[in-house]
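Structure record follows, encoded as C-alpha coordinates.
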Amino acid sequence: MFPSRRSVAVPPRHRASLMVAVCLLVVAGCGTISTSAPPATPTGFQGIAGLLVQNGLKIDHVVSGDAGCDDPTLKRTAIALDASGLDQTTPTRLYVYIFRDQAAFDRLRQTVDACARSYATNPDAFESVEASPYVVAGPGPWGANFKAAVRSIFSQAAGTGG
(Lines give C-alpha, C1' and ligand atoms only; values in the text may rest on other atoms or scores of the structure.)
Protein backbone atom coordinates (compact mmCIF):
# COMPACT_ATOMS: atom_id res chain seq x y z
CA MET A 1 0.00 0.00 0.00
CA PHE A 2 2.46 2.63 1.12
CA PRO A 3 5.81 2.87 -0.51
CA SER A 4 8.56 1.67 1.70
CA ARG A 5 10.74 4.22 3.37
CA ARG A 6 14.39 3.91 2.94
CA SER A 7 16.85 5.86 4.94
CA VAL A 8 19.81 7.26 3.21
CA ALA A 9 23.03 7.07 5.11
CA VAL A 10 25.17 10.17 4.75
CA PRO A 11 28.85 9.41 5.10
CA PRO A 12 30.48 11.33 8.00
CA ARG A 13 32.72 13.29 5.64
CA HIS A 14 29.64 14.79 3.89
CA ARG A 15 27.60 15.62 7.02
CA ALA A 16 29.31 18.97 7.59
CA SER A 17 28.70 20.02 3.99
CA LEU A 18 25.08 18.95 4.25
CA MET A 19 24.63 20.97 7.48
CA VAL A 20 26.12 24.08 5.86
CA ALA A 21 23.81 23.68 2.86
CA VAL A 22 20.75 23.29 5.11
CA CYS A 23 21.74 26.38 7.15
CA LEU A 24 22.19 28.43 3.98
CA LEU A 25 18.76 27.37 2.75
CA VAL A 26 17.17 28.33 6.08
CA VAL A 27 18.86 31.74 6.10
CA ALA A 28 17.93 32.36 2.46
CA GLY A 29 14.33 31.48 3.25
CA CYS A 30 14.24 34.12 5.98
CA GLY A 31 14.86 36.98 3.57
CA THR A 32 17.77 39.27 3.17
CA ILE A 33 20.41 39.72 5.81
CA SER A 34 20.88 43.32 6.82
CA THR A 35 24.41 44.53 7.32
CA SER A 36 23.38 48.04 8.36
CA ALA A 37 23.08 49.11 11.97
CA PRO A 38 19.56 49.23 13.42
CA PRO A 39 18.05 52.69 13.84
CA ALA A 40 19.33 54.50 16.91
CA THR A 41 16.89 54.44 19.80
CA PRO A 42 16.55 57.22 22.35
CA THR A 43 19.01 57.20 25.23
CA GLY A 44 17.82 56.63 28.79
CA PHE A 45 18.54 59.09 31.58
CA GLN A 46 21.80 57.41 32.63
CA GLY A 47 23.14 57.97 29.12
CA ILE A 48 21.86 61.54 29.07
CA ALA A 49 23.56 62.30 32.40
CA GLY A 50 26.79 60.90 30.99
CA LEU A 51 26.51 63.07 27.87
CA LEU A 52 25.86 66.18 29.97
CA VAL A 53 29.00 65.60 32.04
CA GLN A 54 31.12 64.60 29.02
CA ASN A 55 30.18 67.90 27.38
CA GLY A 56 31.36 70.05 30.27
CA LEU A 57 28.15 70.45 32.26
CA LYS A 58 27.86 69.81 35.97
CA ILE A 59 24.64 68.25 37.23
CA ASP A 60 23.38 68.08 40.81
CA HIS A 61 20.19 67.52 42.82
CA VAL A 62 18.61 65.02 40.42
CA VAL A 63 14.99 64.25 41.34
CA SER A 64 12.89 61.73 39.43
CA GLY A 65 9.19 62.61 39.19
CA ASP A 66 9.70 66.37 39.65
CA ALA A 67 7.82 67.98 36.76
CA GLY A 68 7.87 71.45 38.28
CA CYS A 69 4.07 71.39 38.53
CA ASP A 70 1.31 69.15 39.85
CA ASP A 71 0.45 67.46 36.53
CA PRO A 72 0.36 63.70 37.33
CA THR A 73 1.01 62.68 33.73
CA LEU A 74 4.11 64.84 33.45
CA LYS A 75 5.38 63.68 36.85
CA ARG A 76 5.66 60.16 35.41
CA THR A 77 7.90 61.44 32.60
CA ALA A 78 9.94 64.09 34.42
CA ILE A 79 13.38 64.30 35.95
CA ALA A 80 14.58 67.60 37.42
CA LEU A 81 18.20 68.55 37.94
CA ASP A 82 20.39 71.56 38.55
CA ALA A 83 22.89 72.20 35.76
CA SER A 84 25.74 74.61 35.17
CA GLY A 85 28.85 74.81 33.07
CA LEU A 86 30.31 76.48 30.01
CA ASP A 87 28.89 80.01 30.10
CA GLN A 88 26.15 79.09 32.61
CA THR A 89 27.99 79.97 35.81
CA THR A 90 24.94 79.92 38.08
CA PRO A 91 23.17 76.55 38.34
CA THR A 92 19.74 76.53 36.76
CA ARG A 93 16.92 74.06 37.32
CA LEU A 94 16.21 71.93 34.26
CA TYR A 95 13.10 69.83 33.88
CA VAL A 96 13.65 66.92 31.52
CA TYR A 97 10.49 65.30 30.17
CA ILE A 98 11.10 61.91 28.56
CA PHE A 99 8.16 60.65 26.51
CA ARG A 100 7.62 57.04 25.50
CA ASP A 101 7.25 57.63 21.78
CA GLN A 102 6.42 60.22 19.13
CA ALA A 103 2.67 59.92 19.77
CA ALA A 104 3.12 60.71 23.48
CA PHE A 105 5.49 63.55 22.62
CA ASP A 106 2.93 65.05 20.21
CA ARG A 107 0.06 64.59 22.65
CA LEU A 108 1.83 66.05 25.71
CA ARG A 109 4.16 68.68 24.25
CA GLN A 110 1.76 71.58 24.95
CA THR A 111 1.20 70.26 28.49
CA VAL A 112 4.87 71.00 29.21
CA ASP A 113 4.32 74.66 28.30
CA ALA A 114 1.31 74.88 30.59
CA CYS A 115 3.32 73.26 33.40
CA ALA A 116 6.22 75.63 32.83
CA ARG A 117 4.02 78.62 33.63
CA SER A 118 4.14 77.49 37.27
CA TYR A 119 7.94 77.58 37.55
CA ALA A 120 8.93 80.21 35.01
CA THR A 121 8.91 83.34 37.14
CA ASN A 122 9.91 85.43 34.13
CA PRO A 123 8.19 84.14 30.97
CA ASP A 124 10.50 86.26 28.81
CA ALA A 125 13.51 84.39 30.20
CA PHE A 126 11.99 80.90 29.96
CA GLU A 127 14.14 78.48 27.94
CA SER A 128 13.37 75.15 26.33
CA VAL A 129 14.86 72.66 23.92
CA GLU A 130 13.00 69.81 22.29
CA ALA A 131 14.21 66.76 20.42
CA SER A 132 11.56 64.06 20.34
CA PRO A 133 11.09 62.18 22.65
CA TYR A 134 12.56 64.81 25.00
CA VAL A 135 11.63 68.29 26.13
CA VAL A 136 14.05 70.17 28.39
CA ALA A 137 12.71 73.33 29.97
CA GLY A 138 13.57 75.69 32.75
CA PRO A 139 13.89 79.25 33.95
CA GLY A 140 16.47 81.28 32.09
CA PRO A 141 18.14 82.98 30.60
CA TRP A 142 20.63 80.26 29.70
CA GLY A 143 24.09 81.07 28.40
CA ALA A 144 24.38 80.69 24.62
CA ASN A 145 27.04 77.95 24.85
CA PHE A 146 25.10 76.16 27.60
CA LYS A 147 21.92 76.17 25.51
CA ALA A 148 23.79 74.99 22.41
CA ALA A 149 25.32 72.14 24.41
CA VAL A 150 21.92 71.13 25.85
CA ARG A 151 20.40 71.20 22.34
CA SER A 152 23.26 69.13 20.91
CA ILE A 153 23.22 66.60 23.76
CA PHE A 154 19.47 65.98 23.58
CA SER A 155 19.51 65.82 19.77
CA GLN A 156 22.23 63.19 20.00
CA ALA A 157 20.42 61.32 22.77
CA ALA A 158 17.18 61.28 20.75
CA GLY A 159 18.70 59.04 18.08
CA THR A 160 16.00 58.67 15.47
CA GLY A 161 13.32 59.87 17.87
CA GLY A 162 10.60 58.20 19.82
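Residues are named by chain letter and number: chains run A, B, ... in the order of the C-alpha coordinates, numbers start at 1 in each chain, and ligands are numbered from 1 in the order shown.
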
Filtered DSSP result for stretch 45-85 of chain A, state strand (DSSP E or B), as a PyMOL selection string: chain A and resi 57-64+78-85

Spatial neighbours of stretch 72-84 of chain A, max dist 7 Å, only C-alpha atoms, sep filter under 3 positions, as a ChimeraX atom specification: /A:57-67,88-99

Near-A:Ala104 list (12 Å; only C-alpha atoms; drop same-chain fewer than 2 positions) as a list of chain:residue names: A:Thr73, A:Leu74, A:Thr77, A:Tyr97, A:Ile98, A:Phe99, A:Arg100, A:Asp101, A:Gln102, A:Asp106, A:Arg107, A:Leu108, A:Arg109, A:Gln110, A:Thr111, A:Val112, A:Ser132, A:Pro133, A:Tyr134, A:Val135, A:Gly161, A:Gly162

Take the residues that were just selected and, keeping N, CA and C atoms, output them as a CSV table (one decimal), in the first residue's frame.
chain,number,residue,atom,x,y,z
A,73,THR,N,0.5,63.3,34.9
A,73,THR,CA,1.0,62.7,33.7
A,73,THR,C,2.5,63.1,33.5
A,74,LEU,N,2.7,64.4,33.6
A,74,LEU,CA,4.1,64.8,33.4
A,74,LEU,C,5.1,64.3,34.5
A,77,THR,N,6.9,61.3,33.7
A,77,THR,CA,7.9,61.4,32.6
A,77,THR,C,9.1,62.3,33.0
A,97,TYR,N,11.7,66.1,30.4
A,97,TYR,CA,10.5,65.3,30.2
A,97,TYR,C,10.8,64.3,29.1
A,98,ILE,N,10.7,63.0,29.5
A,98,ILE,CA,11.1,61.9,28.6
A,98,ILE,C,9.8,61.2,28.2
A,99,PHE,N,9.4,61.3,27.0
A,99,PHE,CA,8.2,60.6,26.5
A,99,PHE,C,8.4,59.3,25.9
A,100,ARG,N,7.5,58.4,26.0
A,100,ARG,CA,7.6,57.0,25.5
A,100,ARG,C,7.9,56.9,24.0
A,101,ASP,N,7.1,57.7,23.2
A,101,ASP,CA,7.2,57.6,21.8
A,101,ASP,C,6.8,58.9,21.1
A,102,GLN,N,6.8,59.0,19.8
A,102,GLN,CA,6.4,60.2,19.1
A,102,GLN,C,5.0,60.6,19.4
A,106,ASP,N,3.9,64.2,20.9
A,106,ASP,CA,2.9,65.1,20.2
A,106,ASP,C,1.7,65.4,21.1
A,107,ARG,N,1.2,64.4,21.8
A,107,ARG,CA,0.1,64.6,22.6
A,107,ARG,C,0.3,65.5,23.9
A,108,LEU,N,1.5,65.4,24.4
A,108,LEU,CA,1.8,66.0,25.7
A,108,LEU,C,2.7,67.3,25.6
A,109,ARG,N,3.2,67.6,24.4
A,109,ARG,CA,4.2,68.7,24.2
A,109,ARG,C,3.6,70.0,24.8
A,110,GLN,N,2.4,70.3,24.5
A,110,GLN,CA,1.8,71.6,24.9
A,110,GLN,C,1.5,71.6,26.5
A,111,THR,N,1.4,70.4,27.0
A,111,THR,CA,1.2,70.3,28.5
A,111,THR,C,2.4,70.8,29.2
A,112,VAL,N,3.6,70.5,28.6
A,112,VAL,CA,4.9,71.0,29.2
A,112,VAL,C,4.8,72.5,29.3
A,132,SER,N,12.4,65.2,20.0
A,132,SER,CA,11.6,64.1,20.3
A,132,SER,C,12.4,62.8,20.6
A,133,PRO,N,12.2,62.2,21.7
A,133,PRO,CA,11.1,62.2,22.6
A,133,PRO,C,11.3,63.0,23.9
A,134,TYR,N,12.2,64.0,23.8
A,134,TYR,CA,12.6,64.8,25.0
A,134,TYR,C,12.1,66.3,24.8
A,135,VAL,N,11.8,66.8,26.0
A,135,VAL,CA,11.6,68.3,26.1
A,135,VAL,C,12.4,68.7,27.4
A,161,GLY,N,14.6,59.4,17.3
A,161,GLY,CA,13.3,59.9,17.9
A,161,GLY,C,12.6,58.8,18.6
A,162,GLY,N,11.4,59.1,19.1
A,162,GLY,CA,10.6,58.2,19.8
A,162,GLY,C,9.7,57.4,18.9

Two-atom distance - atom CA of A:Ala114, atom CA of A:Pro141 (Å):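 Pair atom CA of A:Ala114 / atom CA of A:Pro141 returns 18.7 Å.
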
A:Ala125, A:Ala103, A:Ala148, A:Ala158 ranked by distance to A:Gly56, top pick (using only C-alpha atoms): A:Ala148

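Atom CA of A:Thr121 sits 29.3 Å away from atom CA of A:Gln46.
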
Selected residue of minimal separation from A:Asn122 among A:Val53, A:Leu86, A:Phe105, A:Gly140, counting only C-alpha atoms: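 Among A:Val53, A:Leu86, A:Phe105, A:Gly140, it is A:Gly140 that comes nearest to A:Asn122.
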
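Atom CA of A:Trp142 is found 17.6 Å from atom CA of A:Ser155.
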
Compile the contact shell of A:Cys69 as an mmCIF file with N, CA and C atoms, in the first residue's frame: residues with an atom at most 9 Å away, counting only C-alpha atoms, same-chain residues fewer than 5 positions apart removed.
data_model
loop_
_atom_site.group_PDB
_atom_site.id
_atom_site.type_symbol
_atom_site.label_atom_id
_atom_site.label_comp_id
_atom_site.auth_asym_id
_atom_site.auth_seq_id
_atom_site.Cartn_x
_atom_site.Cartn_y
_atom_site.Cartn_z
ATOM 1 N N LEU A 74 2.740 64.377 33.641
ATOM 2 C CA LEU A 74 4.115 64.843 33.447
ATOM 3 C C LEU A 74 5.051 64.346 34.538
ATOM 4 N N LYS A 75 4.536 64.180 35.758
ATOM 5 C CA LYS A 75 5.382 63.676 36.846
ATOM 6 C C LYS A 75 5.951 62.307 36.511
ATOM 7 N N CYS A 115 2.646 73.563 32.132
ATOM 8 C CA CYS A 115 3.319 73.265 33.402
ATOM 9 C C CYS A 115 4.392 74.309 33.689
ATOM 10 N N ALA A 116 5.117 74.689 32.657
ATOM 11 C CA ALA A 116 6.224 75.634 32.827
ATOM 12 C C ALA A 116 5.765 76.983 33.365
ATOM 13 N N ARG A 117 4.534 77.335 33.118
ATOM 14 C CA ARG A 117 4.024 78.618 33.633
ATOM 15 C C ARG A 117 4.085 78.676 35.164
ATOM 16 N N SER A 118 4.096 77.504 35.805
ATOM 17 C CA SER A 118 4.138 77.491 37.267
ATOM 18 C C SER A 118 5.551 77.685 37.819
ATOM 19 N N TYR A 119 6.585 77.408 37.043
ATOM 20 C CA TYR A 119 7.943 77.582 37.554
ATOM 21 C C TYR A 119 8.754 78.640 36.804
#

Nearest to A:Asp113, chosen from A:Asp71, A:Gly85, A:Ala131, A:Ala144, with only C-alpha atoms counted in the distances: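 Once distances to A:Asp113 are computed over only C-alpha atoms, the minimum belongs to A:Asp71.
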